[in-house]
Structure formats: structure tokens, C-alpha cells
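target-v7.txt follows; it contains compact mmCIF, N, CA and C atoms.
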```
# COMPACT_ATOMS: atom_id res chain seq x y z
N GLN A 29 33.95 -23.60 5.13
CA GLN A 29 32.80 -23.13 5.90
C GLN A 29 32.77 -21.61 5.86
N VAL A 30 31.58 -21.06 5.70
CA VAL A 30 31.37 -19.61 5.67
C VAL A 30 30.59 -19.19 6.90
N ARG A 31 31.04 -18.13 7.55
CA ARG A 31 30.30 -17.55 8.68
C ARG A 31 29.83 -16.17 8.25
N LEU A 32 28.54 -15.90 8.46
CA LEU A 32 27.94 -14.65 8.01
C LEU A 32 27.51 -13.81 9.21
N VAL A 33 27.90 -12.53 9.24
CA VAL A 33 27.58 -11.64 10.35
C VAL A 33 26.88 -10.41 9.81
N GLU A 34 25.62 -10.25 10.22
CA GLU A 34 24.82 -9.11 9.78
C GLU A 34 24.96 -7.94 10.75
N SER A 35 24.85 -6.72 10.22
CA SER A 35 24.89 -5.53 11.06
C SER A 35 24.17 -4.38 10.36
N GLY A 36 23.92 -3.31 11.11
CA GLY A 36 23.34 -2.12 10.51
C GLY A 36 21.89 -1.88 10.83
N GLY A 37 21.25 -2.80 11.53
CA GLY A 37 19.84 -2.61 11.86
C GLY A 37 19.66 -1.54 12.92
N GLY A 38 18.40 -1.26 13.21
CA GLY A 38 18.10 -0.26 14.23
C GLY A 38 16.65 0.17 14.16
N LEU A 39 16.37 1.24 14.91
CA LEU A 39 15.03 1.82 14.94
C LEU A 39 15.01 3.02 14.00
N VAL A 40 14.04 3.06 13.12
CA VAL A 40 13.94 4.16 12.16
C VAL A 40 12.48 4.53 11.99
N GLN A 41 12.22 5.79 11.70
CA GLN A 41 10.85 6.25 11.49
C GLN A 41 10.37 5.85 10.09
N PRO A 42 9.08 5.72 9.91
CA PRO A 42 8.56 5.45 8.56
C PRO A 42 9.06 6.49 7.57
N GLY A 43 9.47 6.00 6.40
CA GLY A 43 10.05 6.87 5.39
C GLY A 43 11.55 7.00 5.47
N GLY A 44 12.13 6.48 6.54
CA GLY A 44 13.57 6.58 6.72
C GLY A 44 14.34 5.52 5.95
N SER A 45 15.66 5.54 6.17
CA SER A 45 16.56 4.63 5.44
C SER A 45 17.53 3.94 6.39
N LEU A 46 17.95 2.77 6.00
CA LEU A 46 19.00 2.03 6.69
C LEU A 46 19.80 1.27 5.65
N THR A 47 21.06 1.02 5.97
CA THR A 47 21.88 0.15 5.14
C THR A 47 22.40 -1.00 5.98
N LEU A 48 22.08 -2.20 5.58
CA LEU A 48 22.53 -3.40 6.26
C LEU A 48 23.79 -3.94 5.58
N SER A 49 24.65 -4.54 6.39
CA SER A 49 25.86 -5.17 5.86
C SER A 49 25.92 -6.61 6.31
N CYS A 50 26.49 -7.44 5.48
CA CYS A 50 26.68 -8.86 5.79
C CYS A 50 28.13 -9.20 5.47
N ALA A 51 28.90 -9.45 6.50
CA ALA A 51 30.31 -9.79 6.31
C ALA A 51 30.49 -11.29 6.38
N ALA A 52 31.16 -11.84 5.39
CA ALA A 52 31.41 -13.28 5.33
C ALA A 52 32.84 -13.58 5.75
N SER A 53 32.99 -14.61 6.57
CA SER A 53 34.33 -14.96 7.05
C SER A 53 35.16 -15.66 5.99
N GLY A 54 34.46 -16.26 5.04
CA GLY A 54 35.18 -16.93 3.97
C GLY A 54 34.86 -16.29 2.65
N SER A 55 35.49 -16.74 1.60
CA SER A 55 35.27 -16.15 0.29
C SER A 55 33.88 -16.45 -0.23
N ILE A 56 33.17 -15.44 -0.70
CA ILE A 56 31.87 -15.67 -1.30
C ILE A 56 31.92 -15.40 -2.79
N SER A 57 33.08 -15.07 -3.32
CA SER A 57 33.15 -14.68 -4.71
C SER A 57 32.82 -15.84 -5.64
N GLY A 58 32.97 -17.07 -5.16
CA GLY A 58 32.68 -18.20 -6.03
C GLY A 58 31.26 -18.73 -5.91
N ARG A 59 30.44 -18.13 -5.08
CA ARG A 59 29.08 -18.62 -4.86
C ARG A 59 28.15 -18.19 -5.98
N ASN A 60 27.10 -18.93 -6.17
CA ASN A 60 26.14 -18.60 -7.22
C ASN A 60 25.37 -17.32 -6.94
N ALA A 61 24.93 -17.15 -5.70
CA ALA A 61 24.13 -15.98 -5.34
C ALA A 61 24.13 -15.81 -3.84
N MET A 62 23.92 -14.57 -3.43
CA MET A 62 23.72 -14.24 -2.03
C MET A 62 22.37 -13.57 -1.91
N ALA A 63 21.81 -13.59 -0.72
CA ALA A 63 20.47 -13.03 -0.55
C ALA A 63 20.27 -12.49 0.85
N TRP A 64 19.31 -11.59 0.94
CA TRP A 64 18.81 -11.12 2.23
C TRP A 64 17.43 -11.72 2.44
N TYR A 65 17.19 -12.15 3.66
CA TYR A 65 15.92 -12.70 4.07
C TYR A 65 15.46 -11.92 5.29
N ARG A 66 14.17 -12.02 5.62
CA ARG A 66 13.71 -11.41 6.86
C ARG A 66 12.63 -12.30 7.49
N GLN A 67 12.50 -12.13 8.79
CA GLN A 67 11.52 -12.91 9.53
C GLN A 67 10.94 -12.09 10.66
N ASP A 68 9.62 -12.03 10.67
CA ASP A 68 8.89 -11.41 11.74
C ASP A 68 8.43 -12.53 12.67
N PRO A 69 8.38 -12.28 13.99
CA PRO A 69 7.92 -13.34 14.90
C PRO A 69 6.57 -13.89 14.49
N GLY A 70 6.47 -15.20 14.47
CA GLY A 70 5.22 -15.84 14.12
C GLY A 70 5.00 -16.01 12.64
N LYS A 71 5.96 -15.53 11.84
CA LYS A 71 5.83 -15.65 10.39
C LYS A 71 7.01 -16.44 9.82
N GLN A 72 6.82 -16.92 8.62
CA GLN A 72 7.90 -17.63 7.95
C GLN A 72 8.97 -16.66 7.46
N ARG A 73 10.21 -17.16 7.40
CA ARG A 73 11.28 -16.36 6.85
C ARG A 73 11.02 -16.18 5.35
N GLU A 74 11.20 -14.95 4.87
CA GLU A 74 10.92 -14.69 3.46
C GLU A 74 12.14 -14.10 2.77
N LEU A 75 12.23 -14.37 1.49
CA LEU A 75 13.30 -13.83 0.67
C LEU A 75 13.00 -12.37 0.34
N VAL A 76 13.94 -11.49 0.58
CA VAL A 76 13.77 -10.06 0.33
C VAL A 76 14.44 -9.67 -0.98
N ALA A 77 15.69 -10.08 -1.16
CA ALA A 77 16.44 -9.71 -2.35
C ALA A 77 17.58 -10.69 -2.55
N ARG A 78 17.99 -10.88 -3.79
CA ARG A 78 19.11 -11.75 -4.06
C ARG A 78 19.98 -11.12 -5.15
N ILE A 79 21.25 -11.54 -5.15
CA ILE A 79 22.20 -11.02 -6.12
C ILE A 79 23.12 -12.15 -6.55
N THR A 80 23.31 -12.29 -7.84
CA THR A 80 24.19 -13.34 -8.34
C THR A 80 25.65 -12.92 -8.20
N ARG A 81 26.52 -13.88 -8.46
CA ARG A 81 27.95 -13.60 -8.38
C ARG A 81 28.34 -12.48 -9.36
N THR A 82 27.60 -12.39 -10.46
CA THR A 82 27.93 -11.39 -11.47
C THR A 82 27.12 -10.10 -11.32
N GLY A 83 26.29 -10.02 -10.28
CA GLY A 83 25.63 -8.75 -9.99
C GLY A 83 24.19 -8.62 -10.45
N ASN A 84 23.61 -9.65 -11.02
CA ASN A 84 22.19 -9.58 -11.36
C ASN A 84 21.35 -9.64 -10.09
N THR A 85 20.29 -8.85 -10.04
CA THR A 85 19.50 -8.75 -8.82
C THR A 85 18.03 -9.09 -9.05
N ASP A 86 17.37 -9.43 -7.94
CA ASP A 86 15.95 -9.78 -7.97
C ASP A 86 15.39 -9.42 -6.61
N TYR A 87 14.13 -8.92 -6.58
CA TYR A 87 13.54 -8.43 -5.34
C TYR A 87 12.14 -8.97 -5.14
N ALA A 88 11.76 -9.08 -3.87
CA ALA A 88 10.36 -9.36 -3.55
C ALA A 88 9.52 -8.16 -3.98
N ASP A 89 8.31 -8.43 -4.40
CA ASP A 89 7.44 -7.34 -4.87
C ASP A 89 7.25 -6.28 -3.79
N SER A 90 7.23 -6.69 -2.54
CA SER A 90 6.95 -5.76 -1.44
C SER A 90 8.06 -4.74 -1.23
N VAL A 91 9.27 -5.00 -1.76
CA VAL A 91 10.39 -4.07 -1.54
C VAL A 91 10.93 -3.49 -2.85
N LYS A 92 10.39 -3.95 -3.96
CA LYS A 92 10.89 -3.50 -5.26
C LYS A 92 10.77 -1.98 -5.38
N GLY A 93 11.85 -1.35 -5.82
CA GLY A 93 11.86 0.10 -5.96
C GLY A 93 12.27 0.84 -4.70
N ARG A 94 12.34 0.13 -3.57
CA ARG A 94 12.73 0.76 -2.30
C ARG A 94 14.05 0.23 -1.77
N PHE A 95 14.33 -1.06 -2.01
CA PHE A 95 15.54 -1.70 -1.51
C PHE A 95 16.51 -1.97 -2.66
N THR A 96 17.80 -1.93 -2.34
CA THR A 96 18.84 -2.24 -3.32
C THR A 96 19.87 -3.16 -2.69
N ILE A 97 20.08 -4.31 -3.31
CA ILE A 97 21.10 -5.24 -2.84
C ILE A 97 22.35 -5.06 -3.68
N SER A 98 23.51 -5.16 -3.04
CA SER A 98 24.77 -5.05 -3.75
C SER A 98 25.80 -5.93 -3.05
N ARG A 99 26.92 -6.15 -3.72
CA ARG A 99 27.95 -6.99 -3.11
C ARG A 99 29.32 -6.46 -3.51
N ASP A 100 30.28 -6.67 -2.62
CA ASP A 100 31.68 -6.34 -2.87
C ASP A 100 32.45 -7.62 -2.63
N ASN A 101 32.75 -8.35 -3.68
CA ASN A 101 33.41 -9.64 -3.53
C ASN A 101 34.82 -9.50 -2.94
N ALA A 102 35.48 -8.39 -3.22
CA ALA A 102 36.82 -8.17 -2.68
C ALA A 102 36.78 -8.04 -1.15
N LYS A 103 35.67 -7.51 -0.64
CA LYS A 103 35.51 -7.33 0.81
C LYS A 103 34.67 -8.44 1.43
N ASN A 104 34.24 -9.40 0.61
CA ASN A 104 33.38 -10.49 1.11
C ASN A 104 32.17 -9.94 1.86
N THR A 105 31.53 -8.93 1.30
CA THR A 105 30.43 -8.25 1.97
C THR A 105 29.26 -8.05 1.02
N VAL A 106 28.06 -8.24 1.55
CA VAL A 106 26.83 -7.98 0.82
C VAL A 106 26.06 -6.90 1.57
N TYR A 107 25.44 -6.00 0.85
CA TYR A 107 24.74 -4.87 1.44
C TYR A 107 23.26 -4.89 1.05
N LEU A 108 22.46 -4.23 1.88
CA LEU A 108 21.06 -4.01 1.54
C LEU A 108 20.74 -2.57 1.92
N GLN A 109 20.59 -1.73 0.91
CA GLN A 109 20.17 -0.35 1.12
C GLN A 109 18.65 -0.32 1.13
N MET A 110 18.09 0.19 2.23
CA MET A 110 16.63 0.20 2.40
C MET A 110 16.16 1.64 2.52
N ASN A 111 15.34 2.06 1.59
CA ASN A 111 14.78 3.41 1.60
C ASN A 111 13.26 3.35 1.74
N SER A 112 12.68 4.48 2.08
CA SER A 112 11.21 4.58 2.22
C SER A 112 10.67 3.45 3.07
N LEU A 113 11.27 3.24 4.20
CA LEU A 113 10.89 2.12 5.05
C LEU A 113 9.48 2.28 5.59
N LYS A 114 8.81 1.14 5.72
CA LYS A 114 7.43 1.08 6.19
C LYS A 114 7.37 0.24 7.47
N PRO A 115 6.35 0.43 8.29
CA PRO A 115 6.23 -0.40 9.49
C PRO A 115 6.22 -1.90 9.17
N GLU A 116 5.68 -2.28 8.04
CA GLU A 116 5.64 -3.70 7.68
C GLU A 116 7.01 -4.26 7.29
N ASP A 117 8.02 -3.41 7.19
CA ASP A 117 9.39 -3.88 6.97
C ASP A 117 10.05 -4.33 8.27
N THR A 118 9.39 -4.10 9.39
CA THR A 118 9.94 -4.51 10.68
C THR A 118 10.13 -6.01 10.72
N ALA A 119 11.35 -6.44 11.03
CA ALA A 119 11.70 -7.86 11.06
C ALA A 119 13.16 -8.00 11.46
N VAL A 120 13.57 -9.25 11.69
CA VAL A 120 14.99 -9.56 11.79
C VAL A 120 15.46 -9.91 10.38
N TYR A 121 16.53 -9.27 9.95
CA TYR A 121 17.06 -9.47 8.60
C TYR A 121 18.32 -10.34 8.67
N TYR A 122 18.36 -11.31 7.77
CA TYR A 122 19.46 -12.26 7.70
C TYR A 122 20.03 -12.28 6.28
N CYS A 123 21.30 -12.59 6.17
CA CYS A 123 21.85 -12.89 4.85
C CYS A 123 22.23 -14.37 4.81
N ASN A 124 22.30 -14.88 3.60
CA ASN A 124 22.67 -16.27 3.39
C ASN A 124 22.93 -16.45 1.91
N LEU A 125 23.33 -17.63 1.54
CA LEU A 125 23.42 -17.93 0.12
C LEU A 125 22.00 -18.02 -0.44
N HIS A 126 21.93 -18.11 -1.80
CA HIS A 126 20.66 -18.43 -2.41
C HIS A 126 20.90 -19.53 -3.43
N PRO A 127 20.29 -20.69 -3.25
CA PRO A 127 19.45 -21.12 -2.14
C PRO A 127 20.22 -21.13 -0.81
N TYR A 128 19.50 -20.92 0.27
CA TYR A 128 20.19 -20.80 1.56
C TYR A 128 20.75 -22.14 2.02
N GLN A 129 21.76 -22.02 2.85
CA GLN A 129 22.37 -23.17 3.52
C GLN A 129 21.97 -23.09 4.99
N PRO A 130 21.26 -24.06 5.51
CA PRO A 130 20.77 -23.98 6.90
C PRO A 130 21.86 -23.71 7.93
N SER A 131 23.06 -24.24 7.69
CA SER A 131 24.12 -24.08 8.68
C SER A 131 24.75 -22.69 8.64
N TYR A 132 24.38 -21.86 7.67
CA TYR A 132 25.00 -20.54 7.53
C TYR A 132 24.20 -19.42 8.18
N TRP A 133 23.02 -19.72 8.75
CA TRP A 133 22.25 -18.63 9.35
C TRP A 133 23.03 -18.00 10.49
N GLY A 134 23.10 -16.67 10.51
CA GLY A 134 23.73 -15.93 11.59
C GLY A 134 22.68 -15.46 12.58
N GLN A 135 23.06 -14.46 13.37
CA GLN A 135 22.15 -13.97 14.40
C GLN A 135 21.14 -12.96 13.84
N GLY A 136 21.41 -12.47 12.65
CA GLY A 136 20.51 -11.48 12.05
C GLY A 136 20.69 -10.11 12.68
N THR A 137 20.00 -9.13 12.10
CA THR A 137 20.01 -7.77 12.63
C THR A 137 18.58 -7.25 12.63
N GLN A 138 18.17 -6.69 13.76
CA GLN A 138 16.78 -6.25 13.93
C GLN A 138 16.56 -4.89 13.25
N VAL A 139 15.52 -4.82 12.46
CA VAL A 139 15.08 -3.56 11.87
C VAL A 139 13.67 -3.28 12.40
N THR A 140 13.51 -2.12 13.01
CA THR A 140 12.21 -1.73 13.54
C THR A 140 11.83 -0.38 12.93
N VAL A 141 10.69 -0.36 12.26
CA VAL A 141 10.20 0.87 11.64
C VAL A 141 8.97 1.32 12.41
N SER A 142 9.13 2.42 13.12
CA SER A 142 8.05 2.88 13.98
C SER A 142 8.22 4.36 14.27
N SER A 143 7.08 5.04 14.43
CA SER A 143 7.13 6.45 14.81
C SER A 143 7.04 6.60 16.33
```
Could you render the structure from this file as C-alpha cells?
Amino acid sequence: QVRLVESGGGLVQPGGSLTLSCAASGSISGRNAMAWYRQDPGKQRELVARITRTGNTDYADSVKGRFTISRDNAKNTVYLQMNSLKPEDTAVYYCNLHPYQPSYWGQGTQVTVSS
């Protein structure tokens, strides 16, 4: 069983940056892919970025060129570097496997982009 704990969210002005971290309690080095998702109240959870075990990445069009996903398998941690943040990036951000496992959802971390 893997437990995922997200951190690093906060309040930031438009154009600012944040780095999110996702710490896994168990080994993730053998998984096919990890991903960051986000959900705004009243909206469906959406895939933001994913990274394979070997480091290949893929991004939602809305964040391409602004966000960077990375992973450190030795530390069992996945990161999301977010630059040039926009108000529409406001959401709760979650990490999970890709495809996600319903039982692995954590509490998420709130990102609020506002002036």
C-alpha cells in the first residue's frame, strides 16, 4: 500500500511560482507513472502532468511551458514546479499514480492564485 502526502501549496500572486511535493510512504520506483491532478470546487478532477518511471513527461495544454513535473525515486518524491501562475490555476492539487488508484488519494494541497 502506498500513502501519498502533498505539500507546498499556498497563496501566490499572478505570475508567481510554487513548487509542490508529493511524498510516498512506499516505494514508487516500480510504478509505471506518477501524476499531478487538480480539482476546483464544482469541477471534475483533471490531469495536470504525468511522468513515467523513466522520466518521460506529458502536460495538459493549459500548463504546458509553465509547469514542470519531476521525480526522485530514491526519495520516493514527485515534484511539480509551477511558474507564471494564473488565477485559473487555483485548485486543490493532488498526486497519484497514472492511471490513478482511487484508494491512493491524499488530502491534496491548496493553491490559490490571486492578487
Nearest to Gln29 of chain A, chosen from A:Val141, A:Ser53, A:Tyr107, A:Pro42, with all atoms listed in the file counted in the distances = A:Ser53
task = Please identify all polymer residues within 8 Å of segment 61-66 of chain A, counting only C-alpha atoms, omitting same-chain residues fewer than 6 positions from it, and present them as a PyMOL selection string.
result = chain A and resi 73-81+106+108+119-127
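For the pair atom CA of Thr105 of chain A and atom CA of Ala52 of chain A, the separation is 6.1 Å.
Among the candidates A:Thr140, A:Thr118, A:Ser98, A:Asn104, the residue lying nearest to Cys50 of chain A is A:Asn104 (atoms considered: all atoms listed in the file).
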Step by step, gather every atom of segment 136-143 of chain A that the file lists, find the box along x, y and z that holds them, add 8 Å on each side, and finally give centre and edge lengths in Å to one decimal, as AutoDock Vina command-line options.
```
--center_x 14.2 --center_y -2.9 --center_z 14.0 --size_x 30.4 --size_y 35.1 --size_z 20.7
```
Strand (DSSP E or B) per DSSP on the backbone: members of chain A, as a PyMOL selection string = chain A and resi 32-35+38-40+46-52+61-67+74-80+85-87+95-100+105-110+119-125+137-141
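Of the residues in chain A, those that DSSP places in helix (DSSP H, G or I) on the basis of the backbone are Asn101, Ala102, Lys103, Pro115, Glu116, Asp117, Pro130, Ser131 and Tyr132 of chain A.
The space separating atom CA of Thr82 of chain A from atom CA of Phe95 of chain A comes to 18.6 Å.
Among the candidate residues A:Ile97, A:Ala88, A:Leu39, A:Ala51, the one lying nearest to Ser143 of chain A is A:Leu39, with distances computed using only C-alpha atoms.
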key: Distance query Glu34 of chain A at most 6 Å, only C-alpha atoms, self and fewer than 3 positions along chain excluded, as number ranges by chain   = A: 49-50, 136-137
Suppose we keep N, CA and C atoms; can you now write the selection as an mmCIF file, keeping the file's coordinate frame?
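Listing of part02.cif after writing:
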```cif
data_model
loop_
_atom_site.group_PDB
_atom_site.id
_atom_site.type_symbol
_atom_site.label_atom_id
_atom_site.label_comp_id
_atom_site.auth_asym_id
_atom_site.auth_seq_id
_atom_site.Cartn_x
_atom_site.Cartn_y
_atom_site.Cartn_z
ATOM 1 N N SER A 49 24.650 -4.540 6.390
ATOM 2 C CA SER A 49 25.860 -5.170 5.860
ATOM 3 C C SER A 49 25.920 -6.610 6.310
ATOM 4 N N CYS A 50 26.490 -7.440 5.480
ATOM 5 C CA CYS A 50 26.680 -8.860 5.790
ATOM 6 C C CYS A 50 28.130 -9.200 5.470
ATOM 7 N N GLY A 136 21.410 -12.470 12.650
ATOM 8 C CA GLY A 136 20.510 -11.480 12.050
ATOM 9 C C GLY A 136 20.690 -10.110 12.680
ATOM 10 N N THR A 137 20.000 -9.130 12.100
ATOM 11 C CA THR A 137 20.010 -7.770 12.630
ATOM 12 C C THR A 137 18.580 -7.250 12.630
#
```
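Computed from the coordinates, the atom CA of Trp133 of chain A to atom CA of Asp86 of chain A distance equals 20.4 Å.
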